[in-house]
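The structure appears below as structure tokens.
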Amino acid sequence: MKYDFKSIEQRSRKMWDDMELYKVENDSNKPKFYVLDMFPYPSGAGLHVGHPLGYIASDIFSRYKRMNGFNVLHPMGYDAFGLPAEEYALSTGIHPADSTRENMARYKDQLSSLGFSFDWTREIATCNPGYYKWTQWIFTQLFSHYYNKTSDSAQSIDSLVEIFQAKGNAEVDASSDQKEIFSADDWNAWDEVRQAEILMNYRLAYQKIGYVNWCEELGTVLANDQVKDGISERGGHPVVQKPMTQWYLRITAYADRLLYGLDNIDWSDSLKTIQTNWIGRSEGASIHFKIDGHDDSIEVFTTRPDTIFGATYMVLAPEHELVKKIKTEDQQEEVDHYVAYVKAKTEIERMAEKKVTGAFTGAYAIHPFNQTRIPIWIGEYVLKDYGTGAIMAVPSDDERDHAFATKFGLEIINVVDKTNYPGAGMHDKLGVMINSDFMNGMEVKDAITLTCQKVEEKGFGKAEVNYKLRDAGFSRQRYWGEPFPVYYDEKGIAKVLDKDQLPLELPATDDFKPGSGGKSPLSRLTDWVEMDNGYRRETDIMPAVAGSSWYYLRYMDPGNDEEFASQKAVSYWQDVDLYVGGSEHAVAHLMYARFWHKFLYDKGLVPTEEPFKKLINQGMIQGVIEFLFLDKKSANVKRFVSSELVNEENASDFAKIPVHIDFVSEYGSKDSYMDNNGLEQFLNWRPEYKDAIFESNNGIYPGNQDIRMTTWSEVGKMSKSKFNVINPEEIVGRYGADTFRMYEMFLGPIEQSKPWDTQGIEGVSKFIRRFWGLFFVNDKLSLVDEVPDKQELKILHQVIKKVSEDIEKFSFNTAVSALMIAVNELKKLNCRKKDILIPLLKLIAPFAPYTSEGLWKLSGNESSIHITDFPEYDESFLVQDSFEYPVCVNGKKRFIKSFPSDISKDEIENTVLDLDELQRWIDGKTIIKTIVVPKRMINIVVK
RNA sequence: GCGGGUGUGAUGAAAUUGGUAGACAUGCUAGACUUAGGAUCUAGUGCUUCACGGCGUGGGGGUUCGAGUCCCUCCACCCGCACCA
């Protein structure tokens with residue numbers, strides 16, 4: 001029987017569908033296990049060979065867990081809202097809803113062919129109203145809650161209003177932007193509009209005017225991580241800071257919990273570090289400095305309150321609100337000039353040139369401890385967004401302050417004596433305090449504690465914790481996303497829709513071009529915007545991260561129309577046991593999802609603090625990009641040269657033009673080249689080069705019939721724009737899905753990025769055919785009932801042990817190797833015994849589901865191999881009769897001696913020491929000791 | 001600059017956590033069979049030496065009977081953050 005993967009795949013898939021094999025119920029007497037993949041954005045390009053890497057790994061794990069008796073939830077869906085579909089729509093006129101639907105169907109098709117065990121009955125898409133009803137609902141809940149720092153949890157905004165009515169806000173310890181203290185009388189006297197404004201400062205979903213990353217070309221606001229060096233990540237358009245009223249989510253309220261939650265989850269160190277850095281917690285003190293001749297004071301944040309006696313001047317961010325107030329007439333011109341200078345600079349310029357710049361305001365602050373007058377400056381190195389946007393400058397202990405003071409001739413007072421700590425840097429919190437009044441002689445660490453105390457006692461500051469984490473903007477002026485479930489009443493007060501008014505469906509329209517000046521496309525749909533009762537709808541939409549922040553919960557109960565998921569389902573599935581996805585979501589998605597989860601936890605709607613217990617970041621499968629060198633100086637007649645003609649000296653004269661990999665011979669190897677045929681294809685593809693000449697060291701084309709243009713190869717992302725995409729369908733069509741799956745796993749550790757190499761797949765292909773061949777002789781099933789011998793049992797149990805352990809460790813490449821070794825050995829023994837091959841078949845089943853199912857059926861079994869038990873190993877078969885011990889003298893291997901496995905250490909020593917062979921190597925030297933490493937080696941130490 | 005990580009044959013990579021480095025696979029070399037193919041099988045393949053042997057895990061040093069693995073130091077590359085007070 002030949003290995004015909006096409007028919008096996010078809011038959012198996014039909015059987016699984018008929019049996020509903022992968023459908024899971026929300027209760028079971030089996031233990032639960034939730035394996036989740038990061039759901040894909042269904043882009044028009046379809047899948048390339050890199051995408052399924054994580055899905056294959058998670059599928060193997062799911063199948064393994066299922067065969068080990070777990071009730072496994074392993075779902076799939078689509079992150080279907082977002083900018084690319086809209087961009088595509090703008091360039092083609094195809095509605096995002098249509099292109100998204102088509103893309104999703106294509107993805108499902110491609111995914112199904114790879115043999116994944118997804119429960120497709122739980123499929124979701126974030127753009128379906130039945131789904132985003134609950135995205136909107138969670139938003140309304142965030143809107144109607146605030147964060148109570150005393151109870152460390154979200155509380156309803158109604159309970160906050162009650163407190164305001166009774167006592168004002170003096171006793172409220174909440175995460176908020178509310179600075180002013182008010183009494184109950186104040187509150188009760190205010191009108192509705194004023195009260196609504198105050199409440200906005202507390203809500204977890206709130207509006208404020210903020211500087212946003214505005215991209216005119218894309219017509220939208222971008223998140224910080226969508227902007228790189230002042231250029232939009234998508235499209236590469238310039239991005240400017242623009243003030244706009246935006247929705248924000250108060251993620252900063254959860255900063256501490258997001259940070260400490262990392263301690264209890266099984267994520268990689270690098271990922272935890274990224275999140276830790278992003279949250280950027282720093283402990284210090286906030287201190288108020290009075291301004292000479294003004295009522296206002298400047299609040300600064302510092303991690304080094306101990307150095308306060310070294311504070312010889314202050315610096316405000318140029319955008320700081322006090323700058324206008326305090327600048328003196330003398331300095332007005334200089335200050336205005338400097339502020340204008342800073343504003344005129346783009347982000348890129350500001351980052352590129354790190355010049356020391358600043359201006360004196362003319363005003364002075366009063367040092368809170370010794371009452372000296374210290375000058376107040378402004379400087380761009382102080383950022384408006386971090387801390388309070390103002391610093392006390394300590395030039396003796398901060399490099400930037402030092403540079404500033406040196407440039408502008410400001411006083412420097414040394415306050416930390418570091419002579420006891422040679423090698424300590426300026427920033428290290430080490431040394432002994434000097435010139436610091438009550439702190440003199442103290443160690444820095446103690447001085448920090450003491451200053452915080454003193455500052456609090458005297459009432460001009462307090463110990464404080466500061467975070468880098470910002471409340472990120474949640475508004476987008478776009479079409480293809482969730483509409484906010486928000487309207488404005490006749491007074492302009494923002495209100496949210498009730499649950500029974502949801503979903504607020506995205507209105508259908510073909511007019512989805514972004515508006516100018518930050519107006520959303522929805523704002524043009526006046527019928528929709530203006531409600532019957534005269535109220536107006538919010539016209540912004542939510543960012544793509546909204547729908548993906550809670551989707552893992554929806555899979556638990558995807559059809560539910562009453563709740564985002566029933567409490568029964570949520571308490572059964574609890575949380576995600578294993579989450580597999582790319583590290584590109586290290587910050588945005590994983591941070592938001594954890595934030596939403598914690599909020600839902602506060603509301604008692606989910607049973608765990610953290611959504612994702614264990615997370616694996618799969619690496620990328622890269623492609624090789626092939627380039628031709630184009631002479632930059634060639635104008636009318638374009639001139640390409642072969643890569644051997646380019647060297648270090650002339651490299652700058654050439655531009656690298658990526659060519660389609662289909663035109664390249666020996667693609668991906670060091671000797672990749674284009675021949676006449678390839679060049680002709682290239683010219684058809686790129687008619688703008690039809691008159692070009694191609695120069696190689698074996699001649700010139702046109703003219704030469706055997707031209708060999710060597711191409712330049714680089715490893716990089718597989719992408720449409722680099723013309724190096726390798727399609728999984730191609731590989732699956734040629735080798736079968738199981739070979740494809742196993743090869744992706746065999747390629748290397750799952751976390752690592754590596755280039756795709758189609759040639760290497762042959763090895764796995766051979767392995768599967770060889771394994772198949774073990775079951776057949778002359779096309780006839782050749783399984784026999786004979787009792788396996790010791791050697792065969794050992795091979796079997798060894799591989800079961802290794803593969804089980806490797807799957808648990810997520811080390812699939814070594815598991816596949818172990819399977820290959822086992823099959824090779826059994827092949828050598830010509831083993832056809834049922835009791836060996838059937839367990840081996842089960843062992844291979846998670847990796848090669850189609851092939852194993854096919855062989856299972858052909859071997860006369862009923863039902864599916866995937867609902868059988870995973871084989872267990874028996875340690876007793878692994879015990880060896882004898883061991884080959886390398887005998888070493890002073891660590892150098894000299895000869896090999898065989899001993900029975902149950903021999904004692906002493907017996908080995910005695911036997912070895914008597915050996916004639918040994919005498920030759922010792923040769924008169926004294927034996928100092930003998931080291932016997934059980935089952936490993938014997939080392940004789942001599943002198 | 002700070003933080004995290006990586007460095008092993010021609011290539012992708014293993015190495016039971018301090019114990020025979022290079023498993024497994026690709027590639028390459030030779031051979032067998034052949035209905036000549038991108039099939040199958042066999043042998044070889046770190047460097048060096050005719051050989052015994054010697055040398056080899058980015059460089060240098062250390063601990064140890066023994067180091068890819070531990071310590072110190074330097075170098076290279078990748079990722080993240082980047083005037084974070």
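By order in the structure tokens, chains are A, B, ...; within a chain, residues start at 1; ligands start at 1, following the order shown.
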As a PyMOL selection string, list the residues of region 76-266 of chain A assigned to strand (DSSP E or B) by DSSP on the backbone atoms of this structure. chain A and resi 77-78+124-125+145-148+153-156+174+203+205-215+220-222+227-228+231-232+238+240-249+266
Kindly determine which residues of chain A lie within 8 Å of chain B, considering only C-alpha atoms (C1' of nucleotides), and give the answer as a PyMOL selection string. chain A and resi 269-270+273-274+277-278+280+301-303+354+381-382+386+391-392+400+468+747-748+759-760+763-764+814+817-818+820-821+886+890-891+893+931+933+936-937+939-941
So that I can check the surroundings of Thr388 (chain A), please list as a ChimeraX atom specification every protein, DNA and RNA residue that reaches within 8 Å of it, counting only C-alpha atoms (C1' of nucleotides) and ignoring chain neighbours fewer than 4 positions away. /A:299-301,384
Nearby residues (only C-alpha atoms (C1' of nucleotides)) at most 9 Å from Asn813 (chain A), same-chain spacing under 6 positions excluded, as a PyMOL selection string: (chain A and resi 742-750+806) or (chain B and resi 13)
In region 91-312 of chain A, what's helix (DSSP H, G or I) per DSSP? Answer as a VMD selection string? chain A and resid 91 to 92 96 to 113 120 to 122 129 to 143 157 to 167 184 to 189 192 to 200 224 to 226 251 to 264 269 to 279 305 to 310
Neighbours of region 541-553 of chain A within 6 Å (only C-alpha atoms (C1' of nucleotides); same-chain residues fewer than 6 positions away dropped), as a list in words? Phe81, Gly82, Thr126, Phe474, Ser475, Arg476, Gly481, Glu482, Pro483, Phe484, Tyr592 and Ala593 of chain A
Keeping only N, CA, C and O atoms, take the residues you just selected and write them out as a JSON list (two decimals), in the first residue's frame.
[["chain", "number", "residue", "atom", "x", "y", "z"],
["A", 81, "PHE", "N", -11.29, 43.18, 12.95],
["A", 81, "PHE", "CA", -11.34, 44.63, 12.77],
["A", 81, "PHE", "C", -9.93, 45.16, 12.62],
["A", 81, "PHE", "O", -9.00, 44.61, 13.20],
["A", 82, "GLY", "N", -9.78, 46.26, 11.90],
["A", 82, "GLY", "CA", -8.46, 46.87, 11.87],
["A", 82, "GLY", "C", -8.14, 47.61, 10.60],
["A", 82, "GLY", "O", -8.85, 47.52, 9.59],
["A", 126, "THR", "N", -14.10, 39.13, 15.64],
["A", 126, "THR", "CA", -14.34, 40.33, 16.45],
["A", 126, "THR", "C", -15.25, 41.33, 15.76],
["A", 126, "THR", "O", -15.78, 42.23, 16.40],
["A", 474, "PHE", "N", -7.79, 55.51, 23.26],
["A", 474, "PHE", "CA", -8.63, 54.40, 22.84],
["A", 474, "PHE", "C", -9.55, 54.81, 21.69],
["A", 474, "PHE", "O", -10.42, 54.05, 21.30],
["A", 475, "SER", "N", -9.34, 55.99, 21.13],
["A", 475, "SER", "CA", -10.19, 56.45, 20.04],
["A", 475, "SER", "C", -9.47, 56.35, 18.71],
["A", 475, "SER", "O", -8.28, 56.61, 18.63],
["A", 476, "ARG", "N", -10.20, 55.97, 17.69],
["A", 476, "ARG", "CA", -9.66, 56.00, 16.33],
["A", 476, "ARG", "C", -10.69, 56.69, 15.45],
["A", 476, "ARG", "O", -11.88, 56.40, 15.55],
["A", 481, "GLY", "N", -14.17, 49.33, 12.83],
["A", 481, "GLY", "CA", -13.93, 48.98, 14.22],
["A", 481, "GLY", "C", -15.23, 49.08, 15.00],
["A", 481, "GLY", "O", -16.29, 49.37, 14.43],
["A", 482, "GLU", "N", -15.16, 48.80, 16.28],
["A", 482, "GLU", "CA", -16.37, 48.85, 17.12],
["A", 482, "GLU", "C", -16.76, 50.30, 17.37],
["A", 482, "GLU", "O", -15.95, 51.07, 17.88],
["A", 483, "PRO", "N", -18.02, 50.67, 17.09],
["A", 483, "PRO", "CA", -18.48, 52.01, 17.49],
["A", 483, "PRO", "C", -18.55, 52.08, 19.01],
["A", 483, "PRO", "O", -18.85, 51.07, 19.67],
["A", 484, "PHE", "N", -18.25, 53.23, 19.57],
["A", 484, "PHE", "CA", -18.39, 53.37, 21.01],
["A", 484, "PHE", "C", -19.88, 53.34, 21.38],
["A", 484, "PHE", "O", -20.69, 54.01, 20.72],
["A", 592, "TYR", "N", -3.11, 44.84, 27.57],
["A", 592, "TYR", "CA", -4.53, 45.18, 27.62],
["A", 592, "TYR", "C", -5.36, 44.00, 28.07],
["A", 592, "TYR", "O", -6.29, 44.14, 28.86],
["A", 593, "ALA", "N", -5.06, 42.81, 27.57],
["A", 593, "ALA", "CA", -5.85, 41.63, 27.94],
["A", 593, "ALA", "C", -5.73, 41.39, 29.44],
["A", 593, "ALA", "O", -6.71, 41.09, 30.13]]
List the spatial neighbours of C71 (chain B) as a list of chain:residue names - criterion: any atom at most 12 Å away, only C-alpha atoms (C1' of nucleotides), same-chain residues fewer than 2 positions off excluded.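 Close residues of C71 (chain B): B:G61, B:G62, B:U63, B:U64, B:A67, B:U73.
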For those residues, write N, CA and C atoms (P, O5', C5', C4', C3', O3' and C1' of nucleotides) to a file as a compact mmCIF listing (two decimals), in the first residue's frame.
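Listed below is the output, part36.txt:
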# COMPACT_ATOMS: atom_id res chain seq x y z
P G B 61 44.83 31.73 27.47
O5' G B 61 44.26 32.09 28.92
C5' G B 61 45.10 32.73 29.87
C4' G B 61 44.32 33.23 31.04
C3' G B 61 43.88 32.18 32.07
O3' G B 61 44.93 31.71 32.89
C1' G B 61 42.11 33.67 31.68
P G B 62 44.91 30.17 33.36
O5' G B 62 43.72 30.16 34.43
C5' G B 62 43.87 30.88 35.65
C4' G B 62 42.58 30.92 36.41
C3' G B 62 42.11 29.59 37.00
O3' G B 62 42.82 29.24 38.17
C1' G B 62 40.27 30.74 36.05
P U B 63 43.06 27.71 38.55
O5' U B 63 41.62 27.28 39.06
C5' U B 63 41.09 27.84 40.26
C4' U B 63 39.70 27.28 40.52
C3' U B 63 39.61 25.76 40.51
O3' U B 63 40.01 25.20 41.75
C1' U B 63 37.84 26.68 39.22
P U B 64 41.03 23.96 41.72
O5' U B 64 40.17 22.79 41.07
C5' U B 64 39.02 22.30 41.75
C4' U B 64 38.30 21.31 40.87
C3' U B 64 39.17 20.19 40.31
O3' U B 64 39.36 19.16 41.25
C1' U B 64 37.80 21.09 38.59
P A B 67 38.02 20.31 31.58
O5' A B 67 36.42 20.36 31.66
C5' A B 67 35.61 19.71 30.67
C4' A B 67 34.57 20.69 30.16
C3' A B 67 35.16 21.88 29.40
O3' A B 67 34.24 22.28 28.39
C1' A B 67 34.01 22.65 31.29
P U B 73 33.74 40.71 35.01
O5' U B 73 34.79 40.75 33.80
C5' U B 73 36.02 41.46 33.93
C4' U B 73 36.88 41.20 32.71
C3' U B 73 36.24 41.59 31.37
O3' U B 73 36.33 42.97 31.11
C1' U B 73 37.20 39.43 31.19
Extract, using only C-alpha atoms (C1' of nucleotides), all DNA, RNA and protein residues at most 7 Å from region 17-23 of chain A, discarding same-chain residues fewer than 5 positions from it, and format them as a PyMOL selection string. chain A and resi 117-119+121
In terms of the shortest atom-to-atom distance over only C-alpha atoms, which of A:Asp498, A:Asp428, A:Gly210, A:Thr851 is closest to Asp385 (chain A)?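 Counting only C-alpha atoms, the residue closest to Asp385 (chain A) is A:Gly210.
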